[in-house]
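Source file: data_8.txt. Holds: compact mmCIF, C-alpha atoms.
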```txt
# COMPACT_ATOMS: atom_id res chain seq x y z
CA MET C 28 0.00 0.00 0.00
CA PHE C 29 3.01 2.35 0.48
CA ALA C 30 3.50 2.75 -3.27
CA LEU C 31 -0.17 3.58 -3.72
CA SER C 32 -0.18 6.01 -0.78
CA ALA C 33 2.95 7.78 -2.00
CA ALA C 34 1.56 8.09 -5.51
CA LEU C 35 -1.71 9.45 -4.21
CA GLN C 36 0.10 12.02 -2.07
CA ARG C 37 2.12 13.27 -5.05
CA ALA C 38 -0.81 13.36 -7.41
CA SER C 39 -3.33 16.17 -7.76
CA ARG C 40 -6.91 15.72 -6.61
CA ALA C 41 -7.92 14.86 -10.17
CA SER C 42 -5.06 12.38 -10.36
CA ARG C 43 -6.15 10.68 -7.15
CA ARG C 44 -9.65 10.33 -8.50
CA LEU C 45 -8.35 8.61 -11.62
CA VAL C 46 -6.06 6.30 -9.64
CA LEU C 47 -8.91 5.33 -7.32
CA ALA C 48 -11.21 4.84 -10.29
CA THR C 49 -8.64 2.50 -11.80
CA ALA C 50 -8.42 0.59 -8.55
CA VAL C 51 -12.17 0.28 -8.31
CA SER C 52 -12.30 -0.93 -11.91
CA ALA C 53 -9.71 -3.55 -11.08
CA CYS C 54 -11.80 -4.65 -8.12
CA ALA C 55 -14.90 -4.84 -10.28
CA LEU C 56 -13.02 -6.90 -12.86
CA ALA C 57 -11.79 -9.30 -10.19
CA THR C 58 -15.33 -9.68 -8.93
CA VAL C 59 -16.77 -10.33 -12.38
CA LEU C 60 -14.12 -12.93 -13.17
CA ALA C 61 -14.52 -14.73 -9.86
CA PRO C 62 -16.38 -18.07 -9.75
CA ALA C 63 -20.12 -17.86 -9.24
CA PRO C 64 -20.06 -18.91 -5.56
CA THR C 65 -17.58 -16.12 -4.77
CA VAL C 66 -19.66 -13.50 -6.59
CA ALA C 67 -22.59 -14.46 -4.47
CA GLN C 68 -20.70 -13.73 -1.29
CA ASP C 69 -20.86 -10.26 0.19
CA LEU C 70 -17.56 -8.42 0.12
CA ASP C 71 -17.04 -6.09 3.06
CA ARG C 72 -14.78 -3.03 2.94
CA SER C 73 -11.78 -5.02 4.09
CA GLY C 74 -12.31 -7.56 1.33
CA VAL C 75 -12.51 -4.87 -1.33
CA GLU C 76 -9.35 -3.21 -0.02
CA THR C 77 -7.52 -6.52 -0.06
CA ILE C 78 -8.47 -7.17 -3.68
CA VAL C 79 -7.40 -3.66 -4.71
CA ARG C 80 -4.14 -3.94 -2.75
CA GLU C 81 -3.24 -7.28 -4.23
CA TYR C 82 -4.08 -6.14 -7.75
CA LEU C 83 -1.95 -2.99 -7.48
CA ILE C 84 0.97 -4.85 -5.93
CA GLU C 85 0.88 -7.31 -8.80
CA ASN C 86 0.35 -4.53 -11.37
CA PRO C 87 2.04 -1.35 -10.04
CA GLU C 88 2.41 0.03 -13.56
CA VAL C 89 -1.35 0.72 -13.50
CA ILE C 90 -0.75 3.78 -11.32
CA ARG C 91 1.83 5.22 -13.72
CA GLU C 92 -0.38 4.47 -16.71
CA ALA C 93 -3.34 6.15 -15.03
CA LEU C 94 -1.35 9.31 -14.26
CA GLU C 95 0.07 9.43 -17.77
CA GLU C 96 -3.41 9.11 -19.22
CA LEU C 97 -4.66 11.88 -16.95
CA ASP C 98 -1.81 14.13 -18.09
CA ARG C 99 -2.62 13.39 -21.73
CA ARG C 100 -6.30 14.18 -21.22
CA GLU C 101 -5.55 17.42 -19.37
CA LYS C 102 -3.19 18.61 -22.11
CA ALA C 103 -5.72 17.72 -24.80
CA ALA C 104 -8.45 19.57 -22.92
CA ALA C 105 -6.22 22.63 -22.48
CA GLU C 106 -5.36 22.65 -26.18
CA GLN C 107 -9.02 22.34 -27.14
CA ALA C 108 -9.90 25.22 -24.82
CA ARG C 109 -7.12 27.30 -26.38
CA LEU C 110 -8.39 26.60 -29.89
CA GLN C 111 -11.87 27.61 -28.84
CA ALA C 112 -10.51 30.79 -27.24
CA VAL C 113 -8.71 31.72 -30.47
CA SER C 114 -11.93 31.22 -32.42
CA ASP C 115 -14.06 33.15 -29.91
CA SER C 116 -11.55 36.02 -29.72
CA ALA C 117 -10.63 36.21 -33.41
CA ASP C 118 -11.90 39.74 -33.96
CA VAL C 119 -9.99 41.39 -31.12
CA LEU C 120 -7.02 39.09 -31.69
CA PHE C 121 -6.51 39.87 -35.37
CA ASN C 122 -8.43 43.11 -35.99
CA SER C 123 -8.50 45.26 -32.85
CA ALA C 124 -8.51 49.00 -33.51
CA ARG C 125 -5.92 49.31 -30.73
CA GLN C 126 -3.32 46.92 -32.09
CA VAL C 127 -0.12 47.69 -34.00
CA VAL C 128 0.16 46.36 -37.55
CA LEU C 129 3.49 45.96 -39.35
CA GLY C 130 4.28 44.39 -42.70
CA ASN C 131 1.43 44.10 -45.18
CA PRO C 132 -1.88 45.12 -43.52
CA ASP C 133 -3.71 43.15 -46.22
CA GLY C 134 -1.45 40.10 -46.01
CA ASP C 135 -2.87 36.64 -46.52
CA VAL C 136 -1.28 35.28 -43.33
CA THR C 137 -1.21 37.02 -39.95
CA LEU C 138 1.40 36.52 -37.25
CA VAL C 139 0.42 37.90 -33.85
CA GLU C 140 3.14 38.48 -31.26
CA PHE C 141 2.62 39.19 -27.56
CA PHE C 142 5.75 40.87 -26.20
CA ASP C 143 7.28 42.78 -23.28
CA TYR C 144 9.93 45.47 -23.69
CA ASN C 145 11.95 43.98 -20.82
CA CYS C 146 11.83 40.43 -22.17
CA GLY C 147 15.27 39.19 -23.19
CA TYR C 148 13.76 36.47 -25.36
CA CYS C 149 11.65 39.09 -27.16
CA LYS C 150 14.82 41.06 -27.90
CA ARG C 151 16.44 38.00 -29.44
CA ALA C 152 13.27 37.12 -31.34
CA TYR C 153 13.03 40.59 -32.86
CA GLY C 154 15.45 39.64 -35.64
CA ASP C 155 13.21 36.70 -36.56
CA MET C 156 10.24 39.01 -37.00
CA VAL C 157 12.19 41.50 -39.10
CA ARG C 158 13.59 38.75 -41.31
CA LEU C 159 10.16 37.22 -41.85
CA MET C 160 8.68 40.60 -42.71
CA GLU C 161 11.49 41.47 -45.13
CA GLU C 162 11.32 38.12 -46.93
CA ASP C 163 7.53 37.89 -47.11
CA ASP C 164 5.68 40.79 -48.74
CA ASN C 165 2.36 39.15 -47.99
CA LEU C 166 2.78 38.74 -44.22
CA LYS C 167 0.77 40.80 -41.75
CA ILE C 168 2.31 41.18 -38.29
CA VAL C 169 0.24 42.23 -35.31
CA LEU C 170 1.99 43.36 -32.12
CA LYS C 171 0.28 43.14 -28.74
CA GLU C 172 1.70 45.05 -25.76
CA PHE C 173 1.78 42.41 -23.01
CA PRO C 174 3.78 43.89 -20.08
CA VAL C 175 4.29 41.06 -17.59
CA LEU C 176 7.72 41.84 -16.16
CA GLY C 177 6.97 44.57 -13.68
CA GLN C 178 6.04 48.24 -13.45
CA GLY C 179 8.75 49.37 -15.85
CA SER C 180 7.27 47.15 -18.54
CA VAL C 181 3.81 48.62 -17.93
CA GLU C 182 5.18 52.18 -18.20
CA ALA C 183 7.04 51.36 -21.44
CA ALA C 184 3.90 49.79 -22.90
CA GLN C 185 1.87 52.87 -21.99
CA VAL C 186 4.29 55.11 -23.88
CA ALA C 187 4.23 52.68 -26.82
CA VAL C 188 0.45 52.97 -26.98
CA ALA C 189 0.81 56.76 -27.02
CA VAL C 190 3.37 56.55 -29.85
CA ASN C 191 1.00 54.40 -31.91
CA SER C 192 -1.78 56.88 -31.26
CA VAL C 193 0.24 60.01 -32.11
CA ALA C 194 2.42 58.73 -34.95
CA PRO C 195 1.65 55.15 -36.03
CA ALA C 196 4.02 55.47 -38.99
CA LYS C 197 6.92 55.91 -36.55
CA TYR C 198 5.97 53.07 -34.23
CA ALA C 199 8.28 50.56 -35.92
CA ASP C 200 11.31 52.81 -35.36
CA PHE C 201 10.30 53.42 -31.76
CA HIS C 202 9.69 49.72 -31.16
CA GLU C 203 13.12 48.74 -32.42
CA ALA C 204 14.88 51.48 -30.47
CA LEU C 205 13.20 50.65 -27.18
CA LEU C 206 13.23 46.88 -27.51
CA LEU C 207 16.91 46.68 -28.42
CA GLN C 208 18.18 49.28 -25.96
CA ARG C 209 20.47 48.28 -23.12
CA GLY C 210 19.09 48.49 -19.60
CA GLN C 211 15.62 48.62 -18.11
CA ALA C 212 12.66 49.75 -20.18
CA ASN C 213 10.40 52.16 -18.29
CA ARG C 214 8.62 55.46 -18.79
CA ALA C 215 11.81 57.50 -18.94
CA SER C 216 13.62 55.26 -21.42
CA ALA C 217 10.49 54.90 -23.54
CA LEU C 218 9.98 58.67 -23.73
CA LYS C 219 13.64 59.11 -24.68
CA ALA C 220 13.28 56.53 -27.46
CA ALA C 221 10.22 58.40 -28.71
CA THR C 222 11.75 61.88 -28.60
CA ASP C 223 14.94 60.59 -30.24
CA ILE C 224 12.93 59.78 -33.36
CA GLY C 225 11.35 63.21 -33.38
CA LEU C 226 8.12 62.80 -31.42
CA SER C 227 6.86 65.45 -29.06
CA GLU C 228 6.81 64.59 -25.38
CA GLU C 229 3.90 66.98 -24.93
CA GLU C 230 1.81 65.17 -27.53
CA LEU C 231 2.63 61.83 -25.98
CA GLY C 232 1.78 63.18 -22.53
CA ALA C 233 -1.63 64.27 -23.76
CA VAL C 234 -2.40 60.66 -24.66
CA LEU C 235 -0.86 59.27 -21.48
CA VAL C 236 -3.28 61.23 -19.29
CA THR C 237 -6.24 59.62 -21.06
CA ASP C 238 -7.53 56.09 -20.51
CA GLU C 239 -6.39 54.83 -23.92
CA ALA C 240 -3.18 53.16 -22.74
CA GLY C 241 -4.90 51.47 -19.83
CA GLN C 242 -7.72 50.16 -21.99
CA THR C 243 -5.31 48.89 -24.64
CA ILE C 244 -3.19 47.00 -22.14
CA GLU C 245 -6.24 45.65 -20.34
CA GLU C 246 -7.60 44.39 -23.66
CA VAL C 247 -4.38 42.44 -24.20
CA TYR C 248 -4.33 41.10 -20.63
CA SER C 249 -7.87 39.82 -21.05
CA LEU C 250 -7.04 38.25 -24.41
CA ALA C 251 -3.87 36.63 -23.07
CA ASN C 252 -5.81 35.20 -20.14
CA ARG C 253 -8.36 33.61 -22.47
CA LEU C 254 -5.56 32.11 -24.56
CA GLY C 255 -3.72 30.80 -21.52
CA LEU C 256 -0.55 32.81 -22.20
CA THR C 257 1.94 32.85 -19.34
CA GLY C 258 4.96 34.60 -20.83
CA THR C 259 6.58 36.40 -23.72
CA PRO C 260 7.10 36.12 -26.54
CA SER C 261 3.97 34.22 -27.47
CA TYR C 262 2.56 33.96 -30.98
CA VAL C 263 -0.70 33.13 -32.69
CA ILE C 264 -0.74 31.87 -36.28
CA GLY C 265 -4.10 30.76 -37.59
CA GLU C 266 -5.65 28.79 -34.76
CA GLU C 267 -2.34 27.77 -33.17
CA VAL C 268 -0.87 29.41 -30.08
CA VAL C 269 2.92 29.15 -30.02
CA MET C 270 4.65 29.67 -26.68
CA GLY C 271 8.19 30.99 -26.45
CA ALA C 272 10.90 32.20 -28.81
CA VAL C 273 10.75 29.20 -31.13
CA GLY C 274 12.97 30.81 -33.76
CA TYR C 275 12.82 31.84 -37.39
CA ASP C 276 12.68 28.35 -38.89
CA GLN C 277 9.63 27.22 -36.92
CA LEU C 278 7.75 30.45 -37.51
CA LYS C 279 8.60 30.39 -41.23
CA SER C 280 7.41 26.78 -41.52
CA LYS C 281 4.11 27.52 -39.78
CA ILE C 282 3.49 30.60 -41.92
CA SER C 283 4.19 28.63 -45.11
CA SER C 284 1.89 25.80 -44.01
CA MET C 285 -0.83 28.29 -43.11
CA ARG C 286 -0.59 29.82 -46.56
CA ASN C 287 -0.47 26.51 -48.44
CA CYS C 288 -2.76 24.32 -46.34
CA GLY C 289 -4.93 26.68 -44.29
CA GLU C 290 -3.40 25.44 -41.03
CA THR C 291 0.02 25.50 -39.41
CA THR C 292 0.76 21.83 -40.11
CA CYS C 293 0.20 20.41 -43.58
```

Show me, as structure tokens, the structure contained in the file I just sent.
Amino acid sequence: MFALSAALQRASRASRRLVLATAVSACALATVLAPAPTVAQDLDRSGVETIVREYLIENPEVIREALEELDRREKAAAEQARLQAVSDSADVLFNSARQVVLGNPDGDVTLVEFFDYNCGYCKRAYGDMVRLMEEDDNLKIVLKEFPVLGQGSVEAAQVAVAVNSVAPAKYADFHEALLLQRGQANRASALKAATDIGLSEEELGAVLVTDEAGQTIEEVYSLANRLGLTGTPSYVIGEEVVMGAVGYDQLKSKISSMRNCGETTC
């Protein structure tokens, strides 16, 4: 019983339910296969526990198999929920009036990126995005401000929203300057990046005192929550959510498959 007890202690509540269900099924099977006179006898609690114990001792792999099956089912359910969330949120995900669009706004494939200006992986992944955009004239790229790395990230995202509101044509230059800068991104560094490319701090400040930045970021937070995003960078291509800086080759392959087959895997 120690192996069973230890496994049950390590498992989640759902896992314990599945392990116990497996044990009960084993007990039921033993009962069904027993000779008729035995079936007719009443089994008390102790008898049931003995049958379960003996079965699990003889077949300890059942516990591992049950937990593996539970893990598979949970991952499948999470993926199905994510697919449904992409479908339900398609309009705000791909066509929000608050989002930033780079590349070809009428492109036949859309790559959505959730990013944070203080995310080291986002900095390294920036080159992948630029390369994809330069090589593919029919690619639409949507950027979502997703500040998850502290107050500085929130402040930088707020300024970015103001830049997109005041001078959307200059957002790409601002984005590159701020994302690739050394040191912490925050309000001060974001404003410097904006003024360095010729934007007026007064104009940006006029947007920052409104609710536009807060509403934009809240829209992305809500969207990310529905999609189950936990970090940056994260991408959406078609109906697939891609977690992490997977690199140019994977993104290129998924974009090509989306264009040729209507989904990210042909």

Taking a cut-off of 7 Å and counting all atoms listed in the file, can you build a table that, for each residue of stretch 196-269 of chain C near stretch 141-160 of chain C, reports the nearest atom pair and how far apart they are in Å (one decimal), sorted by chain then residue number, as JSON lines?
```
{"residue": "C:Leu206", "atom": "CA", "partner": "C:Tyr144", "partner_atom": "CA", "distance": 5.2}
{"residue": "C:Leu207", "atom": "CA", "partner": "C:Lys150", "partner_atom": "CA", "distance": 6.0}
{"residue": "C:Gln211", "atom": "CA", "partner": "C:Asn145", "partner_atom": "CA", "distance": 6.5}
{"residue": "C:Ala212", "atom": "CA", "partner": "C:Asn145", "partner_atom": "CA", "distance": 5.8}
{"residue": "C:Thr259", "atom": "CA", "partner": "C:Phe142", "partner_atom": "CA", "distance": 5.2}
{"residue": "C:Pro260", "atom": "CA", "partner": "C:Phe142", "partner_atom": "CA", "distance": 4.9}
{"residue": "C:Ser261", "atom": "CA", "partner": "C:Phe141", "partner_atom": "CA", "distance": 5.2}
{"residue": "C:Tyr262", "atom": "CA", "partner": "C:Phe141", "partner_atom": "CA", "distance": 6.2}
```

Exercise for review: Name all residues at most 8 Å from C:Ile168 (count only C-alpha atoms; drop same-chain ones fewer than 6 positions away) and give them as a list in words.
Suggested key: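 Those residues are Val128, Leu129, Gly130, Asn131, Pro132, Thr137, Leu138, Val139, Glu140 and Met160 of chain C.
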
**Study point:** Non-local contacts of C:Asp200 (12 Å; only C-alpha atoms; under 4 positions in same chain excluded) as a VMD selection string
**Key:** chain C and resid 129 157 187 190 to 191 194 to 196 204 to 207 220 to 226

Written selection (C-alpha atoms) as a PDB file, in the frame of the given file:
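selection_20.pdb, written as the output of this step:
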```pdb
ATOM      1  CA  LEU C 129       3.490  45.960 -39.350  1.00  0.00           C
ATOM      2  CA  VAL C 157      12.190  41.500 -39.100  1.00  0.00           C
ATOM      3  CA  ALA C 187       4.230  52.680 -26.820  1.00  0.00           C
ATOM      4  CA  VAL C 190       3.370  56.550 -29.850  1.00  0.00           C
ATOM      5  CA  ASN C 191       1.000  54.400 -31.910  1.00  0.00           C
ATOM      6  CA  ALA C 194       2.420  58.730 -34.950  1.00  0.00           C
ATOM      7  CA  PRO C 195       1.650  55.150 -36.030  1.00  0.00           C
ATOM      8  CA  ALA C 196       4.020  55.470 -38.990  1.00  0.00           C
ATOM      9  CA  ALA C 204      14.880  51.480 -30.470  1.00  0.00           C
ATOM     10  CA  LEU C 205      13.200  50.650 -27.180  1.00  0.00           C
ATOM     11  CA  LEU C 206      13.230  46.880 -27.510  1.00  0.00           C
ATOM     12  CA  LEU C 207      16.910  46.680 -28.420  1.00  0.00           C
ATOM     13  CA  ALA C 220      13.280  56.530 -27.460  1.00  0.00           C
ATOM     14  CA  ALA C 221      10.220  58.400 -28.710  1.00  0.00           C
ATOM     15  CA  THR C 222      11.750  61.880 -28.600  1.00  0.00           C
ATOM     16  CA  ASP C 223      14.940  60.590 -30.240  1.00  0.00           C
ATOM     17  CA  ILE C 224      12.930  59.780 -33.360  1.00  0.00           C
ATOM     18  CA  GLY C 225      11.350  63.210 -33.380  1.00  0.00           C
ATOM     19  CA  LEU C 226       8.120  62.800 -31.420  1.00  0.00           C
TER      20      LEU C 226
END
```

Review point. Near C:Glu182, counting all atoms listed in the file, which residues have an atom at most 9 Å away, once you skip same-chain residues fewer than 6 positions from it, shown as a list in words?
Key: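 Surrounding residues, per the criterion: Pro174, Ala212, Asn213, Arg214, Ala215 and Ala217 of chain C.
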
Within 8 Å of stretch 277-293 of chain C, counting all atoms listed in the file, which residues qualify if same-chain residues fewer than 5 places away don't, as a PDB file with C-alpha atoms, in the coordinates of the input?
```pdb
ATOM      1  CA  ASP C 135      -2.870  36.640 -46.520  1.00  0.00           C
ATOM      2  CA  VAL C 136      -1.280  35.280 -43.330  1.00  0.00           C
ATOM      3  CA  LEU C 138       1.400  36.520 -37.250  1.00  0.00           C
ATOM      4  CA  LEU C 159      10.160  37.220 -41.850  1.00  0.00           C
ATOM      5  CA  ILE C 264      -0.740  31.870 -36.280  1.00  0.00           C
ATOM      6  CA  GLY C 265      -4.100  30.760 -37.590  1.00  0.00           C
ATOM      7  CA  GLU C 266      -5.650  28.790 -34.760  1.00  0.00           C
ATOM      8  CA  GLU C 267      -2.340  27.770 -33.170  1.00  0.00           C
TER       9      GLU C 267
END
```

Check your understanding: Which one is closest to C:Thr257: C:Asp71, C:Leu94, C:Val175, C:Ala112? Count all atoms listed in the file.
Key -> C:Val175

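Counting from atom CA of C:Gln111, the distance to atom CA of C:Leu176 is 27.3 Å.
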
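Coordinates place atom CA of C:Asn165 at a distance of 4.4 Å from atom CA of C:Gly134.
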
Revision key, fill the gap. One decimal place gives the atom CA of C:Ser114-atom CA of C:Leu97 separation as 25.8 Å

**Study point:** Among the residues C:Thr243, C:Ser216, C:Asn122, C:Ser227, the one that comes closest to C:Gly179 [using only C-alpha atoms]
**Key:**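 Selected residue with least distance to C:Gly179: C:Ser216.
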
Check your understanding: Can you tell me, as a list in words, what residues are no more than 10 Å from C:Val234 when counting all atoms listed in the file, ignoring any on the same chain fewer than 2 positions away?
Key -> Gln185, Val186, Val188, Ala189, Val190, Ser192, Val193, Glu229, Glu230, Leu231, Gly232, Val236, Thr237, Asp238, Glu239 and Ala240 of chain C

Review point. Quick one: of C:Leu250, C:Ile244, C:Ile90, C:Val127, who's nearest to C:Lys167, counting all atoms listed in the file?
Key: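 Answer, going by the shortest atom-to-atom distance: C:Val127.
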
Point to revise | For C:Gly241, the nearest of the candidates C:Val268, C:Ala184, C:Ala104, C:Val75, counting only C-alpha atoms | key: C:Ala184

Can you tell me, as lines of an AutoDock Vina configuration file, the centre and edge lengths (Å, one decimal) of the axis-aligned box enclosing all of stretch 282-292 of chain C's listed atoms after padding each side by 5 Å?
```
center_x = -0.4
center_y = 26.2
center_z = -43.9
size_x = 19.1
size_y = 18.8
size_z = 19.0
```
